[in-house]
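Below is data03.cif, holding mmCIF, C-alpha atoms.
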data_structure
loop_
_atom_site.label_atom_id
_atom_site.label_comp_id
_atom_site.auth_asym_id
_atom_site.auth_seq_id
_atom_site.Cartn_x
_atom_site.Cartn_y
_atom_site.Cartn_z
CA MET A 13 5.48 -17.45 3.22
CA SER A 14 3.92 -14.03 2.54
CA GLU A 15 1.45 -12.20 4.75
CA VAL A 16 -1.32 -13.04 2.29
CA ASP A 17 -0.32 -16.71 2.37
CA ASP A 18 -0.40 -16.64 6.17
CA LEU A 19 -3.87 -15.07 6.19
CA VAL A 20 -5.20 -17.55 3.60
CA ALA A 21 -3.71 -20.44 5.60
CA LYS A 22 -5.44 -19.13 8.74
CA ILE A 23 -8.78 -18.88 6.94
CA MET A 24 -8.41 -22.33 5.38
CA SER A 25 -7.55 -23.79 8.79
CA GLN A 26 -10.68 -22.22 10.26
CA LEU A 27 -12.79 -23.68 7.47
CA LYS A 28 -11.23 -27.11 7.77
CA ASN A 29 -11.65 -27.18 11.56
CA GLY A 30 -15.19 -25.84 11.46
CA ASP A 31 -14.10 -22.78 13.45
CA ASN A 32 -16.92 -20.24 13.63
CA GLY A 33 -14.43 -17.38 13.26
CA SER A 34 -14.70 -16.02 16.78
CA THR A 35 -11.46 -14.69 18.17
CA SER A 36 -9.94 -15.66 21.44
CA SER A 37 -9.66 -13.08 24.17
CA THR A 38 -6.09 -14.22 24.72
CA SER A 39 -5.05 -12.75 21.36
CA THR A 40 -5.80 -9.14 22.20
CA ALA A 41 -2.32 -8.06 23.23
CA THR A 42 -0.72 -5.50 20.97
CA ALA A 43 2.79 -4.22 20.70
CA SER A 44 3.46 -1.12 22.73
CA ASN A 45 4.76 0.66 19.64
CA SER A 46 2.23 -0.62 17.10
CA SER A 47 0.70 2.83 16.83
CA SER A 48 4.09 4.50 16.58
CA SER A 49 4.95 5.90 13.19
CA ASP A 50 8.49 4.50 13.46
CA PRO A 51 8.71 1.27 15.47
CA ASP A 52 12.13 -0.32 15.93
CA LEU A 53 12.24 -3.01 13.25
CA THR A 54 15.09 -4.78 11.56
CA ALA A 55 15.36 -7.09 8.59
CA LYS A 56 15.05 -9.99 11.05
CA ASP A 57 11.43 -8.95 11.66
CA PHE A 58 10.52 -10.10 8.13
CA PRO A 59 7.99 -11.50 7.40
CA LEU A 60 6.12 -8.93 9.41
CA PHE A 61 2.78 -10.74 9.66
CA LYS A 62 4.46 -13.90 10.92
CA ASN A 63 6.74 -12.15 13.43
CA HIS A 64 4.54 -9.24 14.51
CA PRO A 65 0.92 -9.95 13.55
CA GLU A 66 -0.24 -7.43 16.17
CA MET A 67 1.32 -4.66 14.08
CA ILE A 68 -0.69 -5.40 10.95
CA LYS A 69 -3.99 -3.56 10.96
CA SER A 70 -6.78 -3.00 8.48
CA PRO A 71 -7.28 0.51 7.11
CA GLY A 72 -9.84 1.04 9.89
CA GLY A 73 -7.42 -0.08 12.60
CA LYS A 74 -8.72 -3.61 13.25
CA PRO A 75 -5.90 -6.12 13.80
CA VAL A 76 -5.74 -8.29 10.67
CA LYS A 77 -5.09 -11.35 12.83
CA ASP A 78 -8.58 -10.86 14.29
CA ILE A 79 -10.35 -10.82 10.91
CA THR A 80 -11.88 -14.19 10.19
CA PHE A 81 -13.38 -15.76 7.12
CA GLN A 82 -16.67 -16.06 8.97
CA ASP A 83 -16.65 -12.31 9.66
CA ILE A 84 -16.34 -11.75 5.92
CA VAL A 85 -19.08 -14.26 5.06
CA ASP A 86 -21.38 -12.71 7.68
CA ASN A 87 -20.69 -9.20 6.31
CA LYS A 88 -19.26 -8.13 9.66
CA ILE A 89 -16.22 -6.78 7.83
CA ASP A 90 -16.50 -4.12 5.14
CA SER A 91 -14.59 -5.00 1.97
CA LYS A 92 -12.52 -1.83 2.42
CA GLU A 93 -11.12 -3.39 5.59
CA LEU A 94 -9.56 -6.16 3.49
CA ARG A 95 -7.23 -3.71 1.75
CA ILE A 96 -3.71 -3.12 2.89
CA ALA A 97 -3.27 -0.16 5.21
CA PRO A 98 -0.73 2.58 4.48
CA SER A 99 0.89 1.92 7.86
CA THR A 100 1.56 -1.70 6.85
CA LEU A 101 3.17 -0.59 3.60
CA ARG A 102 5.36 1.86 5.50
CA LEU A 103 6.41 -0.85 7.95
CA GLN A 104 7.27 -3.16 5.06
CA GLY A 105 9.27 -0.31 3.55
CA LYS A 106 11.17 0.11 6.80
CA LEU A 107 12.02 -3.60 6.76
CA ALA A 108 13.20 -3.29 3.15
CA ALA A 109 15.42 -0.33 4.05
CA GLU A 110 16.85 -2.21 7.03
CA ALA A 111 17.73 -5.02 4.62
CA GLY A 112 19.51 -2.56 2.33
CA ARG A 113 16.76 -2.57 -0.32
CA THR A 114 16.12 1.14 -0.64
CA GLN A 115 14.38 0.92 -4.03
CA ILE A 116 11.82 -1.47 -2.58
CA GLN A 117 11.37 0.91 0.35
CA LYS A 118 10.59 3.72 -2.11
CA ASN A 119 8.05 1.49 -3.85
CA PHE A 120 6.33 0.84 -0.52
CA GLN A 121 6.33 4.57 0.28
CA ARG A 122 4.65 5.37 -3.06
CA ALA A 123 2.17 2.54 -2.54
CA ALA A 124 1.32 3.85 0.94
CA GLU A 125 0.57 7.26 -0.52
CA LEU A 126 -1.56 5.80 -3.29
CA THR A 127 -3.87 4.03 -0.84
CA GLN A 128 -5.53 7.44 -0.35
CA VAL A 129 -6.31 7.80 -4.07
CA PRO A 130 -9.46 6.13 -5.45
CA ASP A 131 -8.70 3.08 -7.60
CA ASP A 132 -10.22 4.52 -10.77
CA ARG A 133 -8.15 7.69 -10.38
CA VAL A 134 -4.95 5.67 -9.90
CA LEU A 135 -5.67 3.88 -13.19
CA GLU A 136 -6.28 7.20 -14.94
CA MET A 137 -3.02 8.57 -13.56
CA TYR A 138 -1.04 5.58 -14.72
CA GLY A 139 -2.70 5.83 -18.13
CA ALA A 140 -1.53 9.43 -18.29
CA LEU A 141 2.06 8.19 -17.91
CA ARG A 142 1.93 6.24 -21.15
CA PRO A 143 4.08 7.90 -23.81
CA PHE A 144 2.31 10.48 -25.99
CA ARG A 145 -0.87 10.43 -23.84
CA SER A 146 -0.38 13.61 -21.82
CA SER A 147 0.91 17.11 -22.20
CA LYS A 148 3.49 18.42 -19.78
CA GLN A 149 0.76 20.48 -18.12
CA ASP A 150 -1.45 17.38 -17.74
CA LEU A 151 1.33 15.63 -15.82
CA LEU A 152 2.05 18.73 -13.74
CA ASN A 153 -1.67 18.99 -12.91
CA ILE A 154 -1.67 15.40 -11.68
CA SER A 155 1.45 16.17 -9.65
CA GLU A 156 -0.33 19.10 -7.99
CA GLU A 157 -3.45 16.98 -7.39
CA LEU A 158 -1.40 14.28 -5.68
CA LYS A 159 0.38 16.85 -3.54
CA THR A 160 -2.62 18.93 -2.47
CA LYS A 161 -5.66 16.66 -2.64
CA TYR A 162 -4.13 13.36 -1.53
CA ASN A 163 -1.09 14.48 0.49
CA ALA A 164 1.14 12.27 -1.67
CA PRO A 165 4.38 14.27 -2.10
CA ILE A 166 6.52 11.34 -3.25
CA CYS A 167 4.09 10.41 -6.02
CA ALA A 168 3.60 14.10 -6.86
CA ASN A 169 7.34 14.47 -7.39
CA TRP A 170 7.33 11.35 -9.53
CA PHE A 171 4.81 12.94 -11.93
CA LYS A 172 6.76 16.20 -11.94
CA GLU A 173 9.91 14.28 -12.90
CA ALA A 174 7.94 12.40 -15.56
CA ALA A 175 6.78 15.70 -17.07
CA GLU A 176 10.37 16.94 -17.26
CA ASN A 177 11.74 13.66 -18.66
CA TYR A 178 8.92 13.26 -21.20
CA GLU A 179 9.60 16.78 -22.43
CA LYS A 180 13.33 16.09 -22.69
CA HIS A 181 12.83 12.79 -24.53
CA LYS A 182 9.91 13.97 -26.71
CA LYS A 183 7.32 11.62 -25.19
CA LEU A 184 4.55 14.18 -24.59
CA LYS A 185 1.21 14.39 -26.38
CA GLY A 186 1.83 15.79 -29.84
CA ASP A 187 5.50 14.78 -29.95
CA ASN A 188 4.83 11.70 -32.09
#
Any chance you could give the structure as structure tokens?
Amino acid sequence: MSEVDDLVAKIMSQLKNGDNGSTSSTSTATASNSSSSDPDLTAKDFPLFKNHPEMIKSPGGKPVKDITFQDIVDNKIDSKELRIAPSTLRLQGKLAAEAGRTQIQKNFQRAAELTQVPDDRVLEMYGALRPFRSSKQDLLNISEELKTKYNAPICANWFKEAAENYEKHKKLKGDN
């Protein structure tokens, strides 16, 4: 079961049982290394939410296990807190790497960087990657924006590589 499935199951259980969404004081313990940028995890820690729910936090730092459906209904939780946090994506990437799935780890690293970019800008950037939509300079400008404005060096390099490959394979604006 995925982390989302676990969270939905928790919410559905609360609804079914008439739980008002308050959290128990006994569930406040956190892992000693949950704030560490590199906790010791192995592939056996997957799924992370099931095995280490204390490590999964909202973008604002609230433990996801403490977010209830009632909190959402009562507007006690901002919708931005329901997004995945970059730290969670990095932890998932670490688990993927430990399982020998380095490409998935890279995907999680890029996703973690992109959480800092506004949604509409992400869509514009991906649109710019469509063949014949952008000049080489357009892609290099996006690369620089990702690197300097959003501190996203992995994604910045990806756009730089795209610019070089699109030039090589005649996929830039005006090449068609």
Residue contacts of region 95-109 of chain A (7 Å, only C-alpha atoms) excluding same-chain residues fewer than 3 positions away, as a list in words: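 Here the answer would be Leu53, Thr54, Ala55, Phe58, Ile68, Lys69, Ser70, Pro71, Lys92, Gly112, Arg113, Thr114, Ile116, Gln117, Phe120, Gln121, Ala123, Ala124, Glu125 and Thr127 of chain A.
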Selection: 8 Å around Tyr162 (chain A), all atoms listed in the file, excl. self and same-chain fewer than 3 positions, as JSON, numbers by chain: {"A": [125, 128, 129, 157, 158, 159]}
Residue contacts of Asp150 (chain A) (10 Å, all atoms listed in the file) excluding same-chain residues fewer than 2 positions away, as a PyMOL selection string: chain A and resi 137+140-141+145-148+152-156+171+175+184-185
Keeping only C-alpha atoms, write the selected residues to a file as a short mmCIF file (atom, residue, chain, number, x, y, z; two decimals), in the frame of the given file.
data_model
loop_
_atom_site.label_atom_id
_atom_site.label_comp_id
_atom_site.auth_asym_id
_atom_site.auth_seq_id
_atom_site.Cartn_x
_atom_site.Cartn_y
_atom_site.Cartn_z
CA MET A 137 -3.02 8.57 -13.56
CA ALA A 140 -1.53 9.43 -18.29
CA LEU A 141 2.06 8.19 -17.91
CA ARG A 145 -0.87 10.43 -23.84
CA SER A 146 -0.38 13.61 -21.82
CA SER A 147 0.91 17.11 -22.20
CA LYS A 148 3.49 18.42 -19.78
CA LEU A 152 2.05 18.73 -13.74
CA ASN A 153 -1.67 18.99 -12.91
CA ILE A 154 -1.67 15.40 -11.68
CA SER A 155 1.45 16.17 -9.65
CA GLU A 156 -0.33 19.10 -7.99
CA PHE A 171 4.81 12.94 -11.93
CA ALA A 175 6.78 15.70 -17.07
CA LEU A 184 4.55 14.18 -24.59
CA LYS A 185 1.21 14.39 -26.38
#
Gap from CA of Leu126 (chain A) to CA of Lys180 (chain A) - Å, one decimal: 26.5 Å
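Across the model, the gap from CA of Tyr138 (chain A) to CA of His181 (chain A) is 18.5 Å.
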